[in-house]
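Q: start.txt is the file, holding compact mmCIF, C-alpha atoms:
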# COMPACT_ATOMS: atom_id res chain seq x y z
CA MET A 290 -18.06 5.55 4.58
CA ALA A 291 -18.18 4.36 8.20
CA PHE A 292 -14.47 3.56 7.93
CA LYS A 293 -13.65 7.08 6.71
CA ARG A 294 -15.63 8.62 9.56
CA GLU A 295 -13.84 6.41 12.06
CA LEU A 296 -10.49 7.28 10.47
CA LEU A 297 -11.25 10.99 10.67
CA LYS A 298 -12.30 10.72 14.31
CA ASN A 299 -9.15 8.77 15.16
CA LEU A 300 -7.01 11.28 13.29
CA ILE A 301 -8.48 14.17 15.27
CA LEU A 302 -8.08 12.35 18.58
CA GLY A 303 -4.53 11.34 17.68
CA LEU A 304 -3.49 14.86 16.73
CA ARG A 305 -5.13 16.20 19.87
CA ALA A 306 -3.22 13.71 22.03
CA ARG A 307 0.04 14.68 20.32
CA ALA A 308 -0.70 18.38 20.80
CA GLU A 309 -1.26 17.73 24.51
CA ALA A 310 2.03 15.86 24.81
CA CYS A 311 3.99 18.46 22.86
CA ALA A 312 2.54 21.59 21.26
CA PHE A 313 2.86 21.62 17.48
CA GLU A 314 4.46 25.04 17.52
CA ASP A 315 7.28 23.66 19.70
CA MET A 316 8.07 20.88 17.24
CA SER A 317 10.56 21.19 14.41
CA LEU A 318 9.23 21.00 10.86
CA GLN A 319 10.35 17.38 10.48
CA GLU A 320 8.90 16.35 13.83
CA ARG A 321 5.57 17.93 12.94
CA LYS A 322 5.46 16.17 9.58
CA ARG A 323 6.33 12.85 11.20
CA ALA A 324 3.66 13.40 13.87
CA VAL A 325 0.93 14.07 11.31
CA LYS A 326 1.97 11.13 9.13
CA CYS A 327 2.16 8.77 12.10
CA SER A 328 -1.24 9.96 13.37
CA ALA A 329 -2.74 9.32 9.95
CA ASP A 330 -1.32 5.78 9.78
CA VAL A 331 -2.34 4.91 13.34
CA ALA A 332 -5.82 6.34 12.70
CA MET A 333 -6.19 4.17 9.60
CA ALA A 334 -4.93 1.03 11.35
CA ALA A 335 -7.12 1.58 14.42
CA ALA A 336 -10.21 2.21 12.28
CA ARG A 337 -9.58 -0.96 10.29
CA GLY A 338 -8.90 -3.01 13.39
CA ALA A 339 -12.19 -1.90 14.93
CA ALA A 340 -14.21 -2.57 11.76
CA ALA A 341 -15.82 -5.86 10.79
CA GLY A 342 -13.23 -8.39 9.67
CA GLY A 343 -10.40 -6.24 10.92
CA ALA A 344 -9.15 -8.82 13.37
CA ARG A 345 -8.37 -11.20 10.47
CA THR A 346 -6.03 -8.73 8.76
CA ARG A 347 -2.37 -8.37 9.67
CA TRP A 348 -1.43 -4.97 8.32
CA PRO A 349 -3.27 -2.88 11.00
CA LYS A 350 -1.49 -4.75 13.77
CA ALA A 351 1.84 -4.32 11.98
CA ILE A 352 1.31 -0.55 11.69
CA LEU A 353 0.27 -0.21 15.33
CA ALA A 354 3.22 -2.33 16.48
CA ALA A 355 5.64 -0.23 14.44
CA ALA A 356 4.11 2.99 15.77
CA GLY A 357 4.35 1.71 19.33
CA ALA A 358 7.97 0.72 18.86
CA SER A 359 8.96 4.06 17.32
CA SER A 360 7.20 6.11 19.98
CA GLY A 361 9.40 4.46 22.59
CA ILE A 362 12.53 6.16 21.29
CA SER A 363 14.10 8.29 24.02
CA PRO A 364 16.40 11.18 23.19
CA GLY A 365 20.12 11.21 23.62
CA THR A 366 22.38 8.16 23.59
CA CYS A 367 19.47 5.70 23.78
CA GLU A 368 18.07 6.98 20.52
CA ALA A 369 21.49 6.89 18.86
CA ARG A 370 21.98 3.32 20.06
CA ARG A 371 18.50 2.27 18.95
CA SER A 372 18.86 3.86 15.53
CA ARG A 373 22.27 2.15 15.17
CA CYS A 374 20.65 -1.16 16.12
CA LYS A 375 17.89 -0.57 13.61
CA ARG A 376 20.47 0.14 10.91
CA VAL A 377 22.32 -3.06 11.80
CA VAL A 378 19.08 -5.06 11.79
CA ARG A 379 18.14 -3.60 8.43
CA ARG A 380 21.58 -4.41 7.01
CA CYS A 381 21.34 -7.98 8.33
CA ALA A 382 17.85 -8.37 6.94
CA GLY A 383 19.07 -7.07 3.61
CA THR A 384 22.07 -9.43 3.63
CA CYS A 385 19.86 -12.37 4.60
CA MET A 386 17.44 -11.49 1.85
CA LYS A 387 20.34 -11.23 -0.61
CA ARG A 388 21.70 -14.60 0.58
CA THR A 389 18.27 -16.18 0.33
CA ARG A 390 17.72 -14.62 -3.04
CA GLY A 391 21.21 -15.59 -4.12
CA ALA A 392 20.65 -19.18 -2.97
CA TYR A 393 17.28 -19.21 -4.64
CA TYR A 394 18.65 -17.87 -7.91
CA ALA A 395 21.55 -20.33 -7.80
CA ALA A 396 19.05 -23.16 -7.33
CA ALA A 397 16.84 -21.70 -10.03
CA ALA A 398 19.80 -21.45 -12.43
CA ALA A 399 20.78 -25.04 -11.72
CA SER A 400 17.26 -26.33 -12.23
CA SER A 401 16.80 -24.27 -15.38
CA ALA A 402 19.99 -25.78 -16.78
CA ALA A 403 18.59 -29.24 -16.02
CA ALA A 404 15.10 -28.48 -17.35
CA ALA A 405 15.16 -25.22 -19.28
CA SER A 406 11.48 -24.28 -19.44
CA SER A 407 9.80 -20.89 -19.53
CA ASP A 408 7.62 -22.01 -16.61
CA VAL A 409 10.57 -21.88 -14.23
CA VAL A 410 11.53 -18.39 -15.38
CA ALA A 411 7.94 -17.20 -15.10
CA ARG A 412 7.62 -18.65 -11.61
CA SER A 413 10.85 -17.02 -10.47
CA LEU A 414 9.61 -13.66 -11.75
CA VAL A 415 6.34 -14.13 -9.87
CA ARG A 416 8.29 -15.02 -6.72
CA ARG A 417 10.41 -11.88 -7.08
CA ARG A 418 7.34 -9.70 -7.48
CA THR A 419 5.70 -11.41 -4.52
CA MET A 420 8.74 -10.69 -2.37
CA ALA A 421 8.62 -7.02 -3.41
CA LEU A 422 4.93 -6.94 -2.51
CA ARG A 423 5.68 -8.38 0.94
CA LYS A 424 8.00 -5.45 1.56
CA VAL A 425 5.45 -2.73 0.80
CA ILE A 426 2.55 -4.26 2.72
CA PRO A 427 2.87 -3.73 6.51
CA GLY A 428 3.17 -7.17 8.05
CA GLY A 429 3.43 -8.69 4.57
CA ASP A 430 6.47 -10.73 5.43
CA THR A 431 4.40 -12.70 7.97
CA ALA A 432 1.71 -13.73 5.47
CA ARG A 433 1.73 -17.51 5.36
CA ASP A 434 1.07 -18.01 1.64
CA GLU A 435 0.39 -16.18 -1.59
CA ALA A 436 -3.38 -16.27 -1.19
CA ALA A 437 -3.15 -14.64 2.27
CA LEU A 438 -0.74 -12.03 0.89
CA LEU A 439 -3.09 -11.18 -1.98
CA ARG A 440 -6.02 -10.80 0.43
CA GLU A 441 -3.95 -8.53 2.67
CA THR A 442 -2.92 -6.52 -0.39
CA MET A 443 -6.49 -5.96 -1.54
CA ASP A 444 -7.63 -4.98 1.94
CA TYR A 445 -4.67 -2.63 2.37
CA VAL A 446 -5.13 -0.94 -1.02
CA VAL A 447 -8.82 -0.24 -0.37
CA HIS A 448 -8.15 1.32 3.03
CA LEU A 449 -5.05 3.19 1.90
CA ARG A 450 -7.15 4.85 -0.79
CA ALA A 451 -9.69 5.86 1.86
CA GLN A 452 -6.88 7.34 3.97
CA VAL A 453 -5.68 9.42 1.00
CA ASP A 454 -9.24 10.62 0.43
CA VAL A 455 -9.75 11.65 4.07
CA LEU A 456 -6.40 13.46 4.24
CA ARG A 457 -7.16 15.28 0.99
CA ARG A 458 -10.52 16.47 2.29
CA VAL A 459 -9.09 17.49 5.68
CA SER A 460 -6.32 19.52 3.99
CA ALA A 461 -8.88 21.19 1.71
CA ALA A 462 -11.15 22.03 4.67
CA VAL A 463 -8.25 23.47 6.67
CA GLN A 464 -7.12 25.45 3.62
CA ARG A 465 -10.65 26.83 3.09
CA SER A 466 -11.05 27.86 6.71
CA THR A 467 -7.59 29.51 6.71
CA THR A 468 -8.48 31.49 3.57
CA LEU A 469 -11.86 32.47 4.99
CA ARG A 470 -10.31 33.50 8.30
CA LYS A 471 -7.80 35.73 6.46
CA THR A 472 -10.65 37.33 4.48
CA VAL A 473 -12.61 38.02 7.66
CA LYS A 474 -9.52 39.40 9.37
CA ASP A 475 -8.75 41.74 6.47
CA GLU A 476 -12.35 42.95 6.30
CA LEU A 477 -12.46 43.62 10.03
CA LYS A 478 -9.14 45.50 9.78
CA GLU A 479 -10.50 47.69 7.00
CA GLY A 480 -13.42 48.47 9.29
CA THR A 481 -16.16 47.50 6.90
CA SER A 482 -19.57 47.79 8.52
CA ALA A 483 -21.06 44.97 6.48
CA LYS A 484 -21.06 41.49 7.91
CA PRO A 485 -18.32 39.42 6.30
CA ALA A 486 -19.30 36.94 3.64
CA LEU A 487 -19.42 33.41 4.90
CA TYR A 488 -19.30 31.90 1.47
CA PRO A 489 -17.64 33.38 -1.63
CA GLU A 490 -20.92 33.53 -3.57
CA GLN A 491 -22.79 35.37 -0.81
CA ALA A 492 -22.99 39.19 -1.19
CA PRO A 493 -21.36 40.95 1.80
CA CYS A 494 -24.41 43.11 2.58
CA SER A 495 -27.09 40.51 2.19
CA PRO A 496 -28.76 39.52 5.44
CA PRO A 497 -28.69 35.89 6.45
CA PRO A 498 -31.69 33.89 5.22
CA LYS A 499 -34.36 33.50 7.85
CA SER A 500 -34.91 29.77 7.57
CA PRO A 501 -35.55 27.56 10.61
CA ALA A 502 -32.27 25.68 9.96
CA TRP A 503 -30.21 28.90 10.07
CA ARG A 504 -28.70 29.25 13.52
CA GLY A 505 -27.50 32.80 13.12
CA TRP A 506 -24.44 33.96 11.29
CA ARG A 507 -22.19 34.12 14.34
CA GLN A 508 -21.98 30.45 15.12
CA PRO A 509 -21.03 29.29 11.63
CA LEU A 510 -18.61 32.23 11.39
CA ILE A 511 -16.85 31.20 14.58
CA GLN A 512 -16.86 27.62 13.42
CA HIS A 513 -15.45 28.61 10.04
CA CYS A 514 -12.88 30.92 11.57
CA ALA A 515 -11.66 28.43 14.08
CA LEU A 516 -9.15 26.03 12.66
CA SER A 517 -10.88 23.57 14.93
CA LEU A 518 -10.28 19.96 14.34
CA HIS A 519 -13.56 19.34 16.12
CA PHE A 520 -15.21 21.52 13.49
CA LEU A 521 -13.71 19.31 10.79
CA VAL A 522 -15.82 16.39 12.03
CA TYR A 523 -18.88 18.38 10.98
CA TYR A 524 -17.60 20.13 7.91
CA VAL A 525 -15.27 17.72 6.15
CA PRO A 526 -17.66 16.49 3.47
CA LEU A 527 -17.32 12.74 3.74
CA ALA A 528 -21.00 12.03 3.09
CA PRO A 529 -24.02 13.96 1.81
CA ASN A 530 -25.54 14.08 5.29
CA GLN A 531 -22.50 15.00 7.38
CA GLN A 532 -24.55 16.43 10.24
CA SER A 533 -25.21 12.88 11.41
CA THR A 534 -21.49 12.23 11.82
CA GLU A 535 -21.31 13.20 15.48
CA SER A 536 -24.29 11.09 16.54
CA GLU A 537 -22.99 7.98 14.74
CA THR A 538 -19.44 8.04 15.96
CA GLY A 539 -20.24 9.46 19.41
CA MET B 152 -1.20 -37.93 -3.99
CA SER B 153 -4.33 -37.09 -5.95
CA SER B 154 -5.75 -35.18 -2.97
CA ARG B 155 -2.53 -33.13 -2.80
CA ARG B 156 -2.80 -32.37 -6.49
CA SER B 157 -6.45 -31.35 -6.16
CA ARG B 158 -5.57 -29.17 -3.13
CA ALA B 159 -2.85 -27.47 -5.20
CA SER B 160 -5.25 -26.91 -8.12
CA VAL B 161 -7.89 -25.48 -5.77
CA SER B 162 -5.41 -22.98 -4.34
CA GLU B 163 -4.28 -22.09 -7.87
CA GLU B 164 -7.87 -21.31 -8.78
CA GLU B 165 -8.19 -19.32 -5.60
CA ILE B 166 -5.04 -17.38 -6.43
CA ASN B 167 -6.23 -16.70 -9.97
CA GLU B 168 -9.52 -15.42 -8.60
CA LEU B 169 -7.72 -13.19 -6.09
CA ILE B 170 -5.47 -11.87 -8.84
CA SER B 171 -8.42 -10.94 -11.03
CA ARG B 172 -10.10 -9.24 -8.07
CA LEU B 173 -6.89 -7.35 -7.37
CA GLN B 174 -6.78 -6.22 -10.98
CA THR B 175 -10.14 -4.47 -10.60
CA LEU B 176 -8.71 -2.33 -7.79
CA LEU B 177 -5.84 -0.96 -9.85
CA PRO B 178 -6.32 2.31 -11.73
CA SER B 179 -5.06 0.78 -14.97
CA ALA B 180 -7.96 -1.73 -14.91
CA ARG B 181 -10.25 0.84 -16.51
CA ARG B 182 -7.76 1.53 -19.30
CA ARG B 183 -7.15 -2.12 -19.97
CA GLY B 184 -10.85 -2.99 -20.10
CA GLY B 185 -11.67 -6.61 -19.46
CA SER B 186 -8.42 -8.15 -20.70
CA GLN B 187 -6.30 -10.05 -18.22
CA ALA B 188 -2.73 -8.91 -17.65
CA SER B 189 0.01 -11.36 -16.71
CA THR B 190 0.47 -12.11 -13.02
CA THR B 191 3.96 -10.64 -12.99
CA LYS B 192 2.81 -7.36 -14.54
CA LEU B 193 -0.10 -7.16 -12.15
CA LEU B 194 2.07 -7.69 -9.08
CA LYS B 195 4.54 -5.08 -10.34
CA GLU B 196 1.70 -2.65 -10.96
CA THR B 197 0.29 -3.28 -7.49
CA CYS B 198 3.67 -2.50 -5.88
CA SER B 199 3.97 0.72 -7.90
CA TYR B 200 0.40 1.73 -7.02
CA ILE B 201 0.91 1.15 -3.30
CA LYS B 202 4.16 3.14 -3.40
CA SER B 203 2.40 6.00 -5.17
CA LEU B 204 -0.36 5.96 -2.53
CA HIS B 205 2.31 6.07 0.19
CA ARG B 206 3.89 9.10 -1.52
CA GLU B 207 0.50 10.78 -1.70
CA VAL B 208 -0.10 10.20 2.02
CA ASP B 209 3.35 11.65 2.76
CA ASP B 210 2.66 14.74 0.63
CA LEU B 211 -0.78 15.29 2.17
CA SER B 212 0.61 14.86 5.69
CA ASP B 213 3.33 17.40 4.90
CA ARG B 214 0.73 19.81 3.55
CA LEU B 215 -1.50 19.37 6.59
CA SER B 216 1.38 19.94 8.99
CA ASP B 217 2.36 23.11 7.05
CA LEU B 218 -1.22 24.38 7.19
CA MET B 219 -1.39 23.74 10.91
CA ALA B 220 1.91 25.57 11.35
CA THR B 221 0.57 28.71 9.65
CA MET B 222 -2.14 29.10 12.29
CA ASP B 223 -1.99 32.52 13.86
CA HIS B 224 -1.64 31.60 17.50
CA ASN B 225 -2.80 34.94 18.84
CA SER B 226 -5.99 35.12 16.85
CA PRO B 227 -9.42 34.72 18.44
CA GLY B 228 -9.80 31.64 16.25
CA ALA B 229 -6.76 30.04 17.87
CA GLU B 230 -8.23 30.73 21.32
CA ILE B 231 -11.42 28.94 20.27
CA ILE B 232 -9.36 26.02 19.02
CA ARG B 233 -7.47 25.82 22.29
CA SER B 234 -10.71 25.83 24.27
CA LEU B 235 -12.23 23.12 22.09
CA LEU B 236 -9.15 20.91 22.30
CA ARG B 237 -8.91 21.18 26.09
Here is a file; write its structure as structure tokens.

A:
Amino acid sequence: MAFKRELLKNLILGLRARAEACAFEDMSLQERKRAVKCSADVAMAAARGAAAGGARTRWPKAILAAAGASSGISPGTCEARRSRCKRVVRRCAGTCMKRTRGAYYAAAAASSAAAASSDVVARSLVRRRTMALRKVIPGGDTARDEAALLRETMDYVVHLRAQVDVLRRVSAAVQRSTTLRKTVKDELKEGTSAKPALYPEQAPCSPPPKSPAWRGWRQPLIQHCALSLHFLVYYVPLAPNQQSTESETG
Amino acid sequence: MSSRRSRASVSEEEINELISRLQTLLPSARRRGGSQASTTKLLKETCSYIKSLHREVDDLSDRLSDLMATMDHNSPGAEIIRSLLR
């Protein structure tokens, strides 16, 4: 849970920093999507790196290094040159992998002819799967052995699932506040005298409950209306007691 | 020689233990119950699962960026957002 809170905080800070550098409305659709995705990945990697045991894992550093490298792309000819270089590097890496694989399979074929046993075939299959796994795990190609790769994989899967969960909740919260804002806007346009309903189940004319915890209907209304990312820290339901979020993460 | 062999057997045990722990993380672990799948199948499943999680993150990021794009920038709510993000 602490990791999800940290991830959410980092995501908000990251999106805020991006909005300061370049307003979201000025970005193209693709740029905006890339910005959100990159912010989500960097937020996850930073949260993991800061958590206990994070320094021992490789994938957060790999994500942050990749994000740092990609943010350095400058427009114009530099970008074209860099993207060409990246394509060349990728082609070379692919060719090298093919050559290595080819050499490996040639050696495997020769050894299987000499000692045709199912063990060799099974081991070659495991090696192939391991190589595929190295490609999907950030920094997986630098893992020194299978045990280290499996540990990285487990750590990455757990935190990737948490990232999906946080993004799902953030999207739902933003969707809810957008819907609520539209409802409020429509009701104000129609000129209804009743106070707008804050929650779907609340009757429009019912007065707010007079409990000590109720801070007046205006403040929650503003908070619900505002598509505020700061508001999401309070209202994205990550834990039963989300009011303590701010005090824990600072 | 014997120490090398024992070192290799220890790491094999370690790998088997890691593989069984990895199996519990996969969504198909619940369907399969307690039975052990082959290492190859497990590794393949892990790759597919990670790729599906990546796709989910991409879709959710796209959705979030679309939602943020539909903000009405002249609304009072947007002004509050701007003041809070300053």

Q: Measuring atom to atom with only C-alpha atoms, identify which of B:Cys198, B:Ala220, B:Leu193, B:Leu215 is nearest to B:Asn167.

A: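 Counting only C-alpha atoms, the residue closest to B:Asn167 is B:Leu193.
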
Q: Define the interface residues of chain A facing chain B as those within 7 Å, counting only C-alpha atoms, and report them as a ChimeraX atom specification.

A: /A:305,314,321-322,325-326,414-415,418-419,422,425,436,439,443,446,453,456-457,460,464,514-517

Q: Give me, please, the distance in Å between atom CA of A:Gly303 and atom CA of A:Lys350, quoted to one decimal.

A: 16.8 Å

Q: Would you work out the distance separating atom CA of A:Thr431 from atom CA of A:Ala344, expressed in Å to one decimal?

A: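 So the two atoms, atom CA of A:Thr431 and atom CA of A:Ala344, lie 15.1 Å apart.
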
Q: In Å, how far is it from atom CA of A:Leu300 to atom CA of A:Val331?

A: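 Computed distance, atom CA of A:Leu300 to atom CA of A:Val331, equals 7.9 Å.
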